[in-house]
Amino acid sequence: MKNLLRLIVALTAIVCVTLAMSSCDPKQEPNPGPDTTSVDTTGTKPNPGPQPFQSILELDDNGELTAIPFPCVDWLGGEKAVQAFEQSKGATLDGTIDKNGKKILRYKTGDPKGQQPTRMYIIDPKKSLLETSSILIAAKLVAEGNDINDNMEILLSDAGYQKVHDAKGIAYSNGTYLLVFSEVNANSWAIAYQSAGDPSQLAGILQIKDFPYLKKETKMNAYTFEEIEAYEKNLGLRKQTKKTANYVIYQAIDPSKVNLTYVRYDIYPNGDKPSGPIVRTERFSMSMYRQPELRSYFELNGFTYEGAFQNYAQKFVNKDLAVRLRLSDQKPGAIISFEDAPDLYHKDPKPEKPTFQALYRPLLDVFGQKISKDSPIIAREKETHPDCEVKFRTADSIKGYKYDAIVVDMPFVTKLDPADRNKPRAVSYVYESLSGSTIEKISYVFSQDWVKAKIAGDNVLIKDFMTKNGFTYKGKEKIDEPFMKADLYQYYNAELGIYFEYSLVSGIQDTSMGVFTKTPTVTF
């Protein structure tokens with residue numbers, strides 16, 4: 001008890017000092033530092049970009065809290081865990097202070113209602129540990145007068161917290177967390193959070209990915225035992241103990257290393273009985289559904305809280321997989337059943353009409369690559385130009401195709417807006433070989449409207465496109481032969497070492513040709 005009381009005294013002082021930033025040396029202003037909203041300053045890979053504001057407050061229709069709000073409390077995760085948590089909530093780093101060997105991080109939440117404007121953390125950089133978390137919160141949500149309000153007291157009691165009566169301050173503990181409440185001013189209170197003991201020694205819910213096999217937007221009666229076996233084998237936490245025609249059971253190899261010690265996968269292909277995983281655990285119960293360690297465990301496995309189901313279960317959902325789970329009590333512990341959520345299946349959007357482009361840019365880093373039906377160029381083209389059709393063309397001497405080729409067709413004319421259908425444009429380009437199976441040139445095929453327009457090689461349509469893609473205009477040369485007259489225009493990309501030669505040909509049959517090559521016809 002003496003250790004706990006000393007911790008409470010220290011924690012009460014910390015929350016008041018850190019939230020007011022009054023512990024700063026007058027000469028040491030809070031250092032805003034660089035913008036690390038999307039940068040992991042711990043030296044690991046960058047986090048995703050900024051996220052929209054996400055509240056840590058769960059409120060009912062009357063604006064009262066329905067759960068104890070928690071900032072990041074991943075003590076062992078340290079600064080890295082804090083950054084990931086705050087980034088996911090859309091908060092921005094507002095300042096840092098280094099004092100007495102500790103690092104204090106202050107985050108602005110961006111709460112439009114101002115109910116939770118600031119969160120702060122104290123990090124021990126040498127041990128890479130998070131020591132203290134704290135939030136500034138609207139007084140009306142947690143307090144009445146100079147004490148916490150009845151609603152907060154009920155929430156604490158429901159979550160297993162007991163008041164520390166000998167403490168000089170308002171402190172509650174559940175054996176895992178220690179919470180200290182302090183009045184900051186008439187409008188704001190602070191809540192500080194610390195581990196109630198050595199976080200590495202406290203028994204509790206493991207933060208581990210040990211959920212059963214789940215498949216995105218797939219009816220569970222279509223699961224197969226083979227894919228389940230492959231998943232569990234790769235997970236390495238459970239072993240198969242029984243298998244029948246319609247279910248298979250996996251149990252923990254070492255129960256101390258998992259939360260879900262028993263998993264039964266039911267598969268009834270005809271749909272005569274419910275299919276899906278059913279799991280058991282003894283580490284938590286349904287009544288703990290509001291506790292942050294359970295919420296964070298579910299979130300780690302992709303599930304967020306959705307609400308109560310009748311009066312006997314709590315629902316969580318994975319919107320990406322389109323799967324729901326129901327958490328219900330089974331003493332000791334809990335049982336979790338998983339089910340399809342077809343209402344969350346992603347609907348394929350109606351394809352939009354492609355934006356008109358006279359010229360499409362082919363992949364220009366593929367010269368010398370092999371032409372084949374398995375070429376990675378095909379997949380790259382489909383990703384780069386999703387509105388185009390990509391196909392492998394086999395050599396056919398009858399049709400005049402001496403070698404294999406990869407053809408990229410621009411959107412068919414009927415897919416374009418009527419106003420764009422008669423505009424000059426390229427209808428396709430072809431990755432070709434001159435001598436065998438590797439790419440030596442990329443040729444445009446132009447529409448009849450292009451040919452009829454007799455577009456010159458220095459026309460703004462071509463020149464702007466080439467300039468935009470790093471090509472410089474080199475010049476023009478006239479070709480005057482008895483049966484053919486042509487103007488040849490040349491562009492060059494010095495960085496890639498690639499030429500683009502465009503020919504406007506007149507003769508027995510007028511035509512236009514455009515070719516990307518590494519071996520130019522003429523030199524300017």
# chains A, B, ... in the order shown; residues from 1 in each chain; ligands from 1
>>> residues_around(residues="A:Leu179", least_positions_apart="6", cutoff="12 Å", atoms="only C-alpha atoms", output="NGL selection string")
:A and (4 or 7-9 or 11-12 or 15 or 68-71 or 73 or 132-135 or 152 or 156 or 161-164 or 167 or 169-173 or 190-196)
>>> select_by_dssp(residues="stretch 120-199 of chain A", states="alpha helix (DSSP H)", output="PyMOL selection string")
chain A and resi 139-142+150-158
>>> atom_distance(atom1="atom CA of A:Gly77", atom2="atom CA of A:Phe298")
17.1 Å
>>> residues_around(residues="A:Ala143", least_positions_apart="4", cutoff="8 Å", atoms="only C-alpha atoms", output="ChimeraX atom specification")
/A:139,147-149,152,189
>>> residues_around(residues="A:Gly470", least_positions_apart="2", cutoff="6 Å", atoms="only C-alpha atoms", output="count of residues only")
3
>>> closest_residue(among="A:Tyr250, A:Tyr107, A:Tyr305, A:Phe471", to="A:Gln87", atoms="only C-alpha atoms")
A:Tyr107
>>> closest_residue(among="A:Leu363, A:Ile439, A:Ile336, A:Val258", to="A:Ile278", atoms="only C-alpha atoms")
A:Ile336
>>> residues_around(residues="stretch 324-330 of chain A", least_positions_apart="3", cutoff="10 Å", atoms="only C-alpha atoms", output="VMD selection string")
chain A and resid 277 to 282 284 to 287 289 303 to 309 311 to 319 321 333 to 342 344
